[in-house]
$ cat input35.tsv   # TSV, C-alpha atoms
chain	number	residue	atom	x	y	z
A	1	MET	CA	0.00	0.00	0.00
A	2	ASP	CA	1.59	3.27	-1.01
A	3	ARG	CA	1.06	6.71	0.48
A	4	SER	CA	-1.57	7.62	-2.08
A	5	GLY	CA	-3.76	4.78	-0.92
A	6	GLN	CA	-3.15	2.58	-3.93
A	7	TRP	CA	-2.90	-1.12	-3.25
A	8	ILE	CA	0.08	-2.90	-4.78
A	9	PHE	CA	1.29	-6.44	-5.29
A	10	GLU	CA	4.79	-7.33	-4.07
A	11	ARG	CA	7.07	-10.04	-5.31
A	12	ILE	CA	9.81	-10.99	-2.86
A	13	GLY	CA	12.81	-13.24	-2.74
A	14	ARG	CA	14.92	-11.02	-5.01
A	15	ASP	CA	17.00	-7.93	-4.59
A	16	ARG	CA	14.91	-4.88	-5.40
A	17	ARG	CA	17.19	-2.55	-7.32
A	18	PRO	CA	16.29	1.06	-8.11
A	19	ASP	CA	17.14	0.50	-11.79
A	20	ARG	CA	14.85	-2.49	-12.27
A	21	GLY	CA	13.08	-2.44	-15.58
A	22	ARG	CA	15.13	0.33	-17.17
A	23	THR	CA	16.28	-0.05	-20.70
A	24	GLY	CA	19.75	0.64	-21.97
A	25	GLY	CA	21.76	-2.41	-22.98
A	26	PRO	CA	21.59	-5.91	-24.40
A	27	LEU	CA	21.16	-7.37	-20.92
A	28	THR	CA	17.98	-5.40	-20.16
A	29	ALA	CA	15.33	-7.78	-18.85
A	30	ILE	CA	11.84	-8.11	-20.25
A	31	VAL	CA	9.36	-6.43	-17.89
A	32	ASP	CA	5.61	-5.99	-17.75
A	33	HIS	CA	3.66	-2.89	-16.73
A	34	SER	CA	3.81	-3.82	-13.04
A	35	GLY	CA	7.60	-4.00	-13.02
A	36	PHE	CA	7.89	-7.80	-13.01
A	37	GLU	CA	11.00	-8.90	-14.85
A	38	VAL	CA	12.41	-12.23	-15.90
A	39	GLN	CA	15.22	-13.28	-13.59
A	40	ARG	CA	18.59	-12.27	-15.00
A	41	PRO	CA	21.27	-14.92	-15.61
A	42	PRO	CA	23.89	-15.17	-12.86
A	43	ALA	CA	26.92	-12.90	-13.11
A	44	TRP	CA	29.33	-15.71	-13.96
A	45	MET	CA	27.24	-16.60	-17.01
A	46	ARG	CA	27.19	-12.99	-18.21
A	47	TRP	CA	30.96	-12.76	-17.91
A	48	LEU	CA	31.60	-16.14	-19.48
A	49	PRO	CA	31.99	-15.00	-23.16
A	50	PRO	CA	34.70	-12.35	-22.53
A	51	ALA	CA	36.43	-14.62	-20.02
A	52	TYR	CA	36.42	-17.41	-22.60
A	53	VAL	CA	38.07	-15.13	-25.20
A	54	VAL	CA	40.74	-14.07	-22.71
A	55	TRP	CA	41.41	-17.71	-21.85
A	56	VAL	CA	41.88	-18.61	-25.53
A	57	LEU	CA	44.27	-15.70	-26.07
A	58	LEU	CA	46.29	-16.72	-23.01
A	59	LEU	CA	46.56	-20.26	-24.38
A	60	GLU	CA	47.78	-18.89	-27.69
A	61	THR	CA	50.47	-16.94	-25.83
A	62	VAL	CA	51.73	-19.54	-23.37
A	63	THR	CA	51.42	-22.71	-25.47
A	64	PRO	CA	54.97	-23.80	-26.45
A	65	THR	CA	53.90	-25.94	-29.39
A	66	PRO	CA	52.19	-24.50	-32.50
A	67	TRP	CA	48.69	-25.95	-32.42
A	68	ALA	CA	45.40	-24.48	-33.60
A	69	VAL	CA	44.20	-22.80	-30.40
A	70	SER	CA	41.75	-20.76	-32.48
A	71	PHE	CA	39.60	-23.89	-32.90
A	72	LEU	CA	38.39	-23.37	-29.31
A	73	LEU	CA	36.55	-20.23	-30.45
A	74	ILE	CA	33.96	-22.46	-32.13
A	75	ALA	CA	32.17	-22.66	-28.76
A	76	LEU	CA	32.06	-18.87	-28.23
A	77	PRO	CA	28.59	-18.28	-29.81
A	78	VAL	CA	27.03	-20.91	-27.55
A	79	THR	CA	28.49	-19.32	-24.42
A	80	SER	CA	26.77	-16.07	-25.45
A	81	ALA	CA	23.37	-17.54	-26.32
A	82	TYR	CA	22.30	-17.89	-22.67
A	83	THR	CA	22.67	-14.19	-21.87
A	84	LEU	CA	22.48	-12.17	-25.11
A	85	GLY	CA	19.83	-11.66	-27.75
A	86	PRO	CA	19.86	-13.11	-31.29
A	87	LEU	CA	21.51	-10.06	-32.90
A	88	ALA	CA	24.22	-9.95	-30.26
A	89	VAL	CA	24.92	-13.66	-30.71
A	90	ALA	CA	25.20	-13.15	-34.47
A	91	ALA	CA	27.70	-10.34	-33.88
A	92	ILE	CA	29.67	-12.56	-31.49
A	93	THR	CA	29.75	-15.26	-34.18
A	94	VAL	CA	31.24	-12.87	-36.72
A	95	PHE	CA	33.75	-11.71	-34.12
A	96	ALA	CA	34.75	-15.32	-33.39
A	97	MET	CA	35.32	-16.08	-37.08
A	98	VAL	CA	37.43	-12.93	-37.53
A	99	LEU	CA	39.48	-13.72	-34.43
A	100	GLU	CA	40.01	-17.27	-35.68
A	101	GLY	CA	41.45	-15.83	-38.90
A	102	VAL	CA	43.69	-13.45	-36.96
A	103	LEU	CA	45.06	-16.29	-34.85
A	104	ALA	CA	45.43	-18.59	-37.87
A	105	GLY	CA	47.38	-16.43	-40.31
A	106	THR	CA	48.69	-13.06	-39.12
A	107	PRO	CA	52.49	-12.83	-38.94
A	108	CYS	CA	52.41	-9.57	-37.00
A	109	CYS	CA	50.21	-10.90	-34.20
A	110	THR	CA	50.87	-14.63	-33.94
A	111	GLY	CA	53.89	-15.24	-36.14
A	112	HIS	CA	51.91	-17.63	-38.36
A	113	ASN	CA	52.20	-17.67	-42.14
A	114	VAL	CA	49.41	-15.74	-43.86
A	115	HIS	CA	48.94	-18.69	-46.21
A	116	GLN	CA	47.72	-20.75	-43.25
A	117	LEU	CA	44.61	-18.57	-43.15
A	118	TRP	CA	42.96	-20.62	-45.90
A	119	GLU	CA	44.16	-24.07	-45.02
A	120	ASN	CA	41.47	-26.73	-45.06
A	121	HIS	CA	41.31	-27.26	-41.32
A	122	HIS	CA	41.00	-23.53	-40.66
A	123	VAL	CA	38.28	-23.16	-43.29
A	124	ALA	CA	36.46	-26.05	-41.64
A	125	ALA	CA	36.74	-24.19	-38.30
A	126	TYR	CA	35.20	-21.06	-39.84
A	127	ILE	CA	32.31	-23.09	-41.23
A	128	ALA	CA	31.82	-24.90	-37.91
A	129	THR	CA	31.81	-21.58	-36.05
A	130	GLY	CA	29.20	-20.21	-38.43
A	131	LEU	CA	26.98	-23.27	-37.97
A	132	VAL	CA	27.34	-23.14	-34.19
A	133	GLY	CA	26.56	-19.43	-34.40
A	134	LEU	CA	23.32	-20.17	-36.24
A	135	LEU	CA	22.37	-22.62	-33.50
A	136	GLY	CA	23.27	-19.99	-30.90
A	137	VAL	CA	21.06	-17.42	-32.61
A	138	ALA	CA	18.18	-19.90	-32.66
A	139	LEU	CA	18.77	-20.70	-28.97
A	140	ALA	CA	18.84	-17.02	-28.01
A	141	ALA	CA	15.64	-16.34	-29.98
A	142	HIS	CA	13.91	-19.30	-28.33
A	143	ARG	CA	15.02	-18.11	-24.88
A	144	ARG	CA	13.74	-14.60	-25.60
A	145	ARG	CA	10.34	-15.97	-26.68
A	146	GLN	CA	10.11	-18.01	-23.47
A	147	GLU	CA	10.89	-14.91	-21.41
A	148	GLN	CA	8.14	-13.00	-23.20
A	149	GLN	CA	5.67	-15.84	-22.58
A	150	LEU	CA	6.64	-15.86	-18.91
A	151	VAL	CA	5.97	-12.14	-18.61
A	152	ARG	CA	2.61	-12.53	-20.37
A	153	ALA	CA	1.66	-15.40	-18.02
A	154	HIS	CA	2.61	-13.25	-15.04
A	155	SER	CA	0.47	-10.39	-16.38
A	156	VAL	CA	-2.52	-12.73	-16.69
A	157	ALA	CA	-1.96	-14.04	-13.15
A	158	GLU	CA	-1.69	-10.49	-11.85
A	159	ALA	CA	-4.90	-9.47	-13.62
A	160	LEU	CA	-6.64	-12.50	-12.12
A	161	MET	CA	-5.57	-11.65	-8.58
A	162	ARG	CA	-6.41	-7.97	-9.03
A	163	THR	CA	-9.88	-9.03	-10.13
A	164	LEU	CA	-10.33	-11.22	-7.07
A	165	LEU	CA	-8.47	-9.13	-4.48
A	166	ARG	CA	-9.61	-5.71	-5.51
A	167	PRO	CA	-7.54	-2.70	-4.48
A	168	VAL	CA	-8.21	-1.55	-0.93
A	169	PRO	CA	-9.29	2.11	-1.06
A	170	HIS	CA	-7.65	4.54	1.30
A	171	ARG	CA	-11.04	5.19	2.86
A	172	VAL	CA	-14.04	2.86	3.05
A	173	GLY	CA	-17.06	4.43	4.70
A	174	GLN	CA	-16.04	5.49	8.19
A	175	VAL	CA	-12.66	3.69	8.25
A	176	LEU	CA	-9.23	4.22	6.77
A	177	ALA	CA	-7.76	1.04	5.32
A	178	ALA	CA	-4.51	-0.37	3.97
A	179	GLY	CA	-3.72	-3.84	2.67
A	180	LEU	CA	-0.73	-5.88	1.58
A	181	TYR	CA	-0.42	-9.21	-0.20
A	182	ARG	CA	2.83	-11.13	-0.63
A	183	SER	CA	2.89	-14.31	-2.67
A	184	GLY	CA	4.93	-17.20	-1.34
A	185	ASP	CA	5.69	-18.43	-4.89
A	186	VAL	CA	8.36	-16.24	-6.43
A	187	GLY	CA	7.28	-14.96	-9.82
A	188	THR	CA	3.56	-15.60	-9.45
A	189	MET	CA	0.70	-13.56	-8.09
A	190	VAL	CA	-1.66	-16.51	-7.64
A	191	GLY	CA	-2.21	-17.51	-4.03
A	192	GLY	CA	-4.70	-18.70	-1.44
A	193	ASP	CA	-4.89	-15.66	0.85
A	194	LEU	CA	-7.75	-13.20	0.64
A	195	PHE	CA	-9.06	-9.99	2.16
A	196	ASP	CA	-11.78	-7.47	1.46
A	197	ILE	CA	-13.61	-4.59	3.10
A	198	ARG	CA	-17.09	-3.23	2.39
A	199	ALA	CA	-19.14	-0.27	3.61
A	200	THR	CA	-22.60	-1.70	4.34
A	201	PRO	CA	-25.74	-0.38	6.06
A	202	ALA	CA	-24.76	-2.41	9.14
A	203	GLY	CA	-21.29	-0.84	9.23
A	204	GLU	CA	-17.92	-1.38	7.62
A	205	ARG	CA	-17.26	-5.11	7.32
A	206	ALA	CA	-13.87	-6.66	6.62
A	207	LEU	CA	-12.63	-10.17	5.90
A	208	ILE	CA	-9.22	-11.78	5.89
A	209	GLY	CA	-8.57	-15.47	5.31
A	210	ASP	CA	-6.19	-18.20	4.24
A	211	VAL	CA	-7.37	-21.11	2.11
A	212	ARG	CA	-5.90	-24.53	2.75
A	213	GLY	CA	-3.80	-25.58	-0.21
A	214	LYS	CA	-2.26	-23.76	-3.14
A	215	GLY	CA	-2.60	-23.38	-6.89
A	216	LEU	CA	-5.70	-23.07	-8.99
A	217	GLN	CA	-7.89	-24.98	-6.54
A	218	ALA	CA	-7.06	-22.43	-3.85
A	219	VAL	CA	-7.78	-19.57	-6.27
A	220	ARG	CA	-11.17	-21.12	-7.02
A	221	THR	CA	-11.97	-21.20	-3.31
A	222	VAL	CA	-10.81	-17.60	-2.94
A	223	ALA	CA	-13.15	-16.52	-5.73
A	224	ASP	CA	-16.15	-18.39	-4.26
A	225	LEU	CA	-15.53	-17.17	-0.73
A	226	LEU	CA	-15.04	-13.53	-1.72
A	227	GLY	CA	-18.21	-13.65	-3.80
A	228	SER	CA	-20.12	-15.08	-0.85
A	229	PHE	CA	-18.77	-12.43	1.52
A	230	ARG	CA	-19.47	-9.52	-0.84
A	231	GLU	CA	-23.07	-10.62	-1.19
A	232	ALA	CA	-23.72	-11.58	2.43
A	233	ALA	CA	-22.06	-8.45	3.82
A	234	TYR	CA	-24.92	-6.36	2.40
A	235	ASP	CA	-27.76	-8.85	2.90
A	236	GLN	CA	-27.17	-10.04	6.47
A	237	LEU	CA	-27.76	-7.76	9.45
A	238	ASP	CA	-25.63	-9.85	11.81
A	239	LEU	CA	-21.94	-10.63	11.34
A	240	LEU	CA	-22.45	-14.21	12.51
A	241	ALA	CA	-24.98	-14.63	9.70
A	242	VAL	CA	-22.32	-13.49	7.22
A	243	ALA	CA	-19.96	-16.15	8.58
A	244	ALA	CA	-22.73	-18.76	8.35
A	245	ARG	CA	-23.32	-17.88	4.68
A	246	MET	CA	-19.63	-18.37	3.95
A	247	GLU	CA	-19.68	-21.67	5.86
A	248	ARG	CA	-22.46	-22.96	3.59
A	249	CYS	CA	-20.56	-21.75	0.53
A	250	LEU	CA	-17.53	-23.84	1.49
A	251	ALA	CA	-19.70	-26.84	2.28
A	252	ARG	CA	-21.18	-26.75	-1.24
A	253	GLU	CA	-17.76	-26.44	-2.83
A	254	ALA	CA	-16.41	-29.33	-0.73
A	255	GLU	CA	-19.23	-31.52	-2.06
A	256	GLU	CA	-18.59	-30.50	-5.66
A	257	ARG	CA	-14.87	-31.31	-5.66
A	258	PRO	CA	-15.19	-33.53	-3.47
A	259	ASP	CA	-12.81	-32.51	-0.67
A	260	ASP	CA	-13.45	-33.45	2.94
A	261	GLU	CA	-10.50	-31.34	4.13
A	262	LEU	CA	-11.45	-28.03	2.53
A	263	PHE	CA	-11.33	-25.21	5.08
A	264	VAL	CA	-10.38	-21.56	5.40
A	265	THR	CA	-8.96	-19.84	8.46
A	266	ALA	CA	-10.59	-16.43	8.54
A	267	ALA	CA	-11.54	-13.46	10.66
A	268	LEU	CA	-14.52	-11.16	10.09
A	269	VAL	CA	-14.74	-7.66	11.53
A	270	GLU	CA	-17.60	-5.16	11.71
A	271	TYR	CA	-17.11	-1.54	12.71
A	272	ASP	CA	-19.96	0.41	14.31
A	273	ALA	CA	-19.05	4.08	14.06
A	274	VAL	CA	-21.92	5.22	16.31
A	275	ALA	CA	-21.07	2.80	19.12
A	276	GLN	CA	-17.32	3.19	18.43
A	277	ARG	CA	-16.61	-0.51	18.63
A	278	VAL	CA	-15.63	-3.45	16.49
A	279	THR	CA	-17.31	-6.84	16.47
A	280	ILE	CA	-15.11	-9.82	15.62
A	281	VAL	CA	-15.86	-13.37	14.54
A	282	ASN	CA	-12.58	-15.27	14.57
A	283	HIS	CA	-12.36	-18.52	12.59
A	284	GLY	CA	-8.58	-18.56	12.58
A	285	PRO	CA	-5.61	-19.03	14.86
A	286	ILE	CA	-4.48	-15.39	14.67
A	287	GLU	CA	-6.18	-12.90	16.93
A	288	PRO	CA	-6.62	-9.34	15.62
A	289	VAL	CA	-4.09	-6.90	17.03
A	290	LEU	CA	-5.20	-3.51	18.36
A	291	ILE	CA	-2.81	-0.55	18.48
A	292	SER	CA	-4.46	1.96	20.81
A	293	ARG	CA	-3.00	4.90	22.75
A	294	GLY	CA	0.53	3.60	22.53
A	295	GLU	CA	-0.38	0.05	23.56
A	296	VAL	CA	-0.37	-3.09	21.41
A	297	THR	CA	-2.87	-5.79	22.41
A	298	ALA	CA	-4.16	-9.01	20.88
A	299	LEU	CA	-7.96	-9.02	21.02
A	300	SER	CA	-8.75	-12.43	22.44
A	301	GLY	CA	-12.21	-13.91	22.18
A	302	PRO	CA	-14.14	-17.16	21.86
A	303	PRO	CA	-12.36	-19.32	19.28
A	304	ALA	CA	-14.17	-21.08	16.45
A	305	LEU	CA	-13.23	-23.78	13.99
A	306	PRO	CA	-12.09	-22.65	10.53
A	307	LEU	CA	-14.76	-22.05	7.93
A	308	GLY	CA	-15.69	-25.32	6.28
A	309	LEU	CA	-15.29	-27.38	9.46
A	310	GLY	CA	-18.33	-26.06	11.29
A	311	SER	CA	-20.08	-29.44	11.11
A	312	LEU	CA	-17.44	-30.86	13.45
A	313	ASP	CA	-18.48	-28.56	16.30
A	314	ASP	CA	-21.80	-28.78	18.13
A	315	GLU	CA	-21.58	-25.17	19.32
A	316	ASP	CA	-22.16	-22.18	17.08
A	317	PRO	CA	-19.45	-19.51	16.71
A	318	VAL	CA	-19.64	-16.55	19.08
A	319	SER	CA	-18.76	-12.95	18.27
A	320	TYR	CA	-17.09	-10.52	20.65
A	321	SER	CA	-16.71	-6.74	20.70
A	322	HIS	CA	-14.10	-4.19	21.73
A	323	PRO	CA	-13.98	-0.37	21.82
A	324	PHE	CA	-12.52	1.14	18.67
A	325	THR	CA	-12.04	4.89	18.70
A	326	LEU	CA	-10.31	7.58	16.70
A	327	GLY	CA	-6.53	6.97	16.62
A	328	ASP	CA	-6.82	3.19	16.99
A	329	VAL	CA	-5.59	0.74	14.36
A	330	LEU	CA	-6.79	-2.84	14.04
A	331	LEU	CA	-4.43	-5.24	12.27
A	332	LEU	CA	-5.71	-8.43	10.65
A	333	CYS	CA	-3.24	-10.96	9.26
A	334	THR	CA	-2.92	-14.57	8.17
A	335	ASP	CA	-0.99	-17.07	10.25
A	336	VAL	CA	2.01	-17.13	7.90
A	337	LEU	CA	3.03	-13.74	9.32
A	338	ILE	CA	3.87	-15.11	12.75
A	339	GLU	CA	5.13	-18.41	11.31
A	340	ALA	CA	7.87	-16.68	9.28
A	341	ARG	CA	11.24	-17.87	10.61
A	342	ASP	CA	14.64	-16.27	10.61
A	343	ARG	CA	17.94	-18.07	10.03
A	344	THR	CA	17.93	-19.43	13.60
A	345	GLY	CA	14.41	-20.84	13.25
A	346	ALA	CA	12.78	-18.22	15.49
A	347	PHE	CA	9.25	-17.12	14.60
A	348	TYR	CA	8.42	-13.52	13.77
A	349	PRO	CA	7.54	-11.78	17.09
A	350	LEU	CA	4.62	-9.73	15.80
A	351	LEU	CA	3.47	-8.16	19.06
A	352	ASP	CA	7.02	-7.39	20.20
A	353	ARG	CA	7.92	-5.76	16.88
A	354	LEU	CA	4.75	-3.65	16.88
A	355	ARG	CA	5.39	-2.56	20.48
A	356	HIS	CA	8.96	-1.68	19.63
A	357	ARG	CA	7.80	0.51	16.75
A	358	PHE	CA	4.54	2.07	17.99
A	359	ALA	CA	4.37	1.77	21.79
A	360	GLY	CA	4.42	5.14	23.54
A	361	ARG	CA	4.37	7.07	20.25
A	362	PRO	CA	1.76	9.17	18.42
A	363	ALA	CA	-1.11	7.20	16.96
A	364	PRO	CA	-0.17	5.60	13.62
A	365	GLY	CA	-2.42	5.22	10.64
A	366	PRO	CA	-3.23	1.95	8.84
A	367	VAL	CA	-0.73	2.80	6.11
A	368	ASP	CA	2.00	3.34	8.71
A	369	VAL	CA	1.43	-0.11	10.20
A	370	ILE	CA	1.41	-1.83	6.81
A	371	ASP	CA	4.50	0.04	5.66
A	372	PHE	CA	6.36	-0.98	8.81
A	373	LEU	CA	5.50	-4.67	8.44
A	374	ASN	CA	6.28	-4.56	4.73
A	375	THR	CA	9.80	-3.41	5.63
A	376	ASP	CA	10.37	-5.25	8.89
A	377	LEU	CA	9.14	-8.70	7.86
A	378	PRO	CA	11.69	-9.24	5.04
A	379	ARG	CA	14.43	-8.28	7.49
A	380	HIS	CA	13.36	-11.15	9.72
A	381	THR	CA	13.00	-13.78	7.02
A	382	ARG	CA	14.32	-13.79	3.46
A	383	VAL	CA	12.26	-16.72	2.22
A	384	PHE	CA	8.47	-17.05	2.37
A	385	HIS	CA	7.00	-20.52	1.94
A	386	ASP	CA	3.39	-19.37	1.81
A	387	ASP	CA	1.29	-16.32	1.04
A	388	VAL	CA	1.00	-13.44	3.49
A	389	ALA	CA	-2.01	-11.11	3.67
A	390	LEU	CA	-2.33	-8.04	5.91
A	391	LEU	CA	-5.24	-5.66	6.41
A	392	ALA	CA	-5.16	-2.64	8.74
A	393	LEU	CA	-8.19	-0.54	9.69
A	394	GLY	CA	-8.64	2.71	11.59
A	395	PRO	CA	-11.64	4.95	12.32
A	396	TYR	CA	-11.88	7.91	9.98
A	397	GLY	CA	-14.12	9.98	12.25
A	398	VAL	CA	-16.55	9.70	15.10
A	399	VAL	CA	-20.23	9.74	14.21
A	400	SER	CA	-22.59	11.47	16.60
A	401	PRO	CA	-25.66	9.36	17.42
A	402	LEU	CA	-27.79	12.55	17.48
A	403	ASP	CA	-27.17	14.00	14.04
A	404	GLY	CA	-25.36	11.21	12.22
A	405	GLY	CA	-22.54	13.59	11.27
A	406	GLU	CA	-18.83	13.29	11.67
A	407	SER	CA	-16.92	15.06	14.38

$ encode --input "input35.tsv" --output "structure tokens"
Amino acid sequence: MDRSGQWIFERIGRDRRPDRGRTGGPLTAIVDHSGFEVQRPPAWMRWLPPAYVVWVLLLETVTPTPWAVSFLLIALPVTSAYTLGPLAVAAITVFAMVLEGVLAGTPCCTGHNVHQLWENHHVAAYIATGLVGLLGVALAAHRRRQEQQLVRAHSVAEALMRTLLRPVPHRVGQVLAAGLYRSGDVGTMVGGDLFDIRATPAGERALIGDVRGKGLQAVRTVADLLGSFREAAYDQLDLLAVAARMERCLAREAEERPDDELFVTAALVEYDAVAQRVTIVNHGPIEPVLISRGEVTALSGPPALPLGLGSLDDEDPVSYSHPFTLGDVLLLCTDVLIEARDRTGAFYPLLDRLRHRFAGRPAPGPVDVIDFLNTDLPRHTRVFHDDVALLALGPYGVVSPLDGGES
């Protein structure tokens, strides 16, 4: 989430350089409109062609016996095909053939007789280099097409996720909001985490959840569950009824697959601006975190089984409420956030990190909390094995129960 309130996708696991996606050289990566780029070849592979030429020239210098070192240049076009484009590989091929001629028959440079330039074995080397160069050009062109297809596939995946997880506006009704989604699969935007927020007649209602499993099946569940929430959030007067509608949605999908282990850990929140409180229905292991007046607290309440497993419990879920006033921020997150490990295996200490940053300080906004976690979490762990979703909410203003206006 940036400062203008626009919601963004993040891809992690790679070094984010300020010059990503800029043009200006044969090694420029193919990028899409969101800044995604195909992973560059490692540095040793990019330096392999010039290093190979230097190695051949050193052999020509130090070899005591006169043998055709220039024949080794036949492999030069192939060493370039993995990093350069087709035109560059063709230029490298021409360079290799010229250098072979220089090494074969230039008295001033190598001491060889100029007549050796057109000996049969040298001519065969030129032809072999040209043929290998043609193969290198074809290989480079094929690699470039694959990179373009990868970027197009990423753009489609991004469009899919942007359709499902719509951008979180900076303001929704009487709350300020900020959201962040990080995919656990490097190079793909498709995941099983979800969040949404809606301004309804009953108040502002938010959802965050994590679907069991990955891949297209998880995306299908995300689509069904978000559709169910977006409809029920406006139709149902009670937040527990919204959760019950989503429970039935998952039960139908489990029968269609079939999948007896389909479930979603989720938390639903409703903000009542007149009463200045939030109502929570928690179907997940992570309790919402409240940042209020310099204190960071986990809002504990009656637990409930994940959505989709309600038939295993004889008791119905129970909602609980907590005061939520101007200056407070409520953080909702999926369980992967606290399960992220550092190099020593220690879990991410969410409450401790939030207290270290916000305790005893002026009230933050939802964007401030998301920005902090977006920076602090990668410092704790460099590798994410699952998706991470964050949603932060804060009251925009206090509504007077007498006139219905903001104060």

$ closest_residue --input "input35.tsv" --among "A:Glu270, A:Glu315, A:Glu60, A:Asp196" --to "Leu72 of chain A" --atoms "only C-alpha atoms"
A:Glu60

$ atom_distance --input "input35.tsv" --atom1 "atom CA of Val56 of chain A" --atom2 "atom CA of Val102 of chain A"
12.7 Å

$ atom_distance --input "input35.tsv" --atom1 "atom CA of Pro288 of chain A" --atom2 "atom CA of Leu332 of chain A"
5.1 Å

$ closest_residue --input "input35.tsv" --among "A:Pro349, A:Ala81, A:Met97, A:Val336" --to "Ala138 of chain A" --atoms "only C-alpha atoms"
A:Ala81

$ closest_residue --input "input35.tsv" --among "A:Pro167, A:Pro395, A:Pro306, A:Pro77" --to "Ala251 of chain A" --atoms "only C-alpha atoms"
A:Pro306

$ atom_distance --input "input35.tsv" --atom1 "atom CA of Arg46 of chain A" --atom2 "atom CA of Ala96 of chain A"
17.1 Å

$ closest_residue --input "input35.tsv" --among "A:Ser311, A:Ile74, A:Asp259, A:His380" --to "Gly345 of chain A" --atoms "all atoms listed in the file"
A:His380

$ closest_residue --input "input35.tsv" --among "A:Leu131, A:Val278, A:Val175, A:Val69" --to "Val94 of chain A" --atoms "all atoms listed in the file"
A:Leu131

$ closest_residue --input "input35.tsv" --among "A:Ala90, A:Ala159, A:Ala177, A:Val151" --to "Asp328 of chain A" --atoms "all atoms listed in the file"
A:Ala177

$ residues_around --input "input35.tsv" --residues "segment 134-136 of chain A" --least-positions-apart "4" --cutoff "9 Å" --atoms "all atoms listed in the file" --output "ChimeraX atom specification"
/A:77-82,86,89-90,93,129-130,140-141

$ residues_around --input "input35.tsv" --residues "Gly301 of chain A" --least-positions-apart "3" --cutoff "9 Å" --atoms "all atoms listed in the file" --output "ChimeraX atom specification"
/A:280-282,287,318-321

$ residues_near_point --input "input35.tsv" --point "(-11.3, 1.0, 16.2)" --cutoff "9 Å" --atoms "only C-alpha atoms" --output "mmCIF file with C-alpha atoms, in the frame of the given file"
data_model
loop_
_atom_site.group_PDB
_atom_site.id
_atom_site.type_symbol
_atom_site.label_atom_id
_atom_site.label_comp_id
_atom_site.auth_asym_id
_atom_site.auth_seq_id
_atom_site.Cartn_x
_atom_site.Cartn_y
_atom_site.Cartn_z
ATOM 1 C CA VAL A 175 -12.660 3.690 8.250
ATOM 2 C CA TYR A 271 -17.110 -1.540 12.710
ATOM 3 C CA ASP A 272 -19.960 0.410 14.310
ATOM 4 C CA ALA A 273 -19.050 4.080 14.060
ATOM 5 C CA GLN A 276 -17.320 3.190 18.430
ATOM 6 C CA ARG A 277 -16.610 -0.510 18.630
ATOM 7 C CA VAL A 278 -15.630 -3.450 16.490
ATOM 8 C CA LEU A 290 -5.200 -3.510 18.360
ATOM 9 C CA ILE A 291 -2.810 -0.550 18.480
ATOM 10 C CA SER A 292 -4.460 1.960 20.810
ATOM 11 C CA HIS A 322 -14.100 -4.190 21.730
ATOM 12 C CA PRO A 323 -13.980 -0.370 21.820
ATOM 13 C CA PHE A 324 -12.520 1.140 18.670
ATOM 14 C CA THR A 325 -12.040 4.890 18.700
ATOM 15 C CA LEU A 326 -10.310 7.580 16.700
ATOM 16 C CA GLY A 327 -6.530 6.970 16.620
ATOM 17 C CA ASP A 328 -6.820 3.190 16.990
ATOM 18 C CA VAL A 329 -5.590 0.740 14.360
ATOM 19 C CA LEU A 330 -6.790 -2.840 14.040
ATOM 20 C CA LEU A 393 -8.190 -0.540 9.690
ATOM 21 C CA GLY A 394 -8.640 2.710 11.590
ATOM 22 C CA PRO A 395 -11.640 4.950 12.320
#

$ axis_aligned_box --input "input35.tsv" --around "segment 344-349 of chain A" --padding-each-side "6 Å" --output "AutoDock Vina command-line options"
--center_x 12.7 --center_y -16.3 --center_z 15.2 --size_x 22.4 --size_y 21.1 --size_z 15.8

$ residues_around --input "input35.tsv" --residues "Arg212 of chain A" --least-positions-apart "3" --cutoff "7 Å" --atoms "only C-alpha atoms" --output "ChimeraX atom specification"
/A:262-264

$ residues_near_point --input "input35.tsv" --point "(-10.6, -7.4, 5.8)" --cutoff "12 Å" --atoms "only C-alpha atoms" --output "ChimeraX atom specification"
/A:165-169,172,175-181,193-199,204-210,226,229-230,233,266-271,280-282,288,330-334,389-394
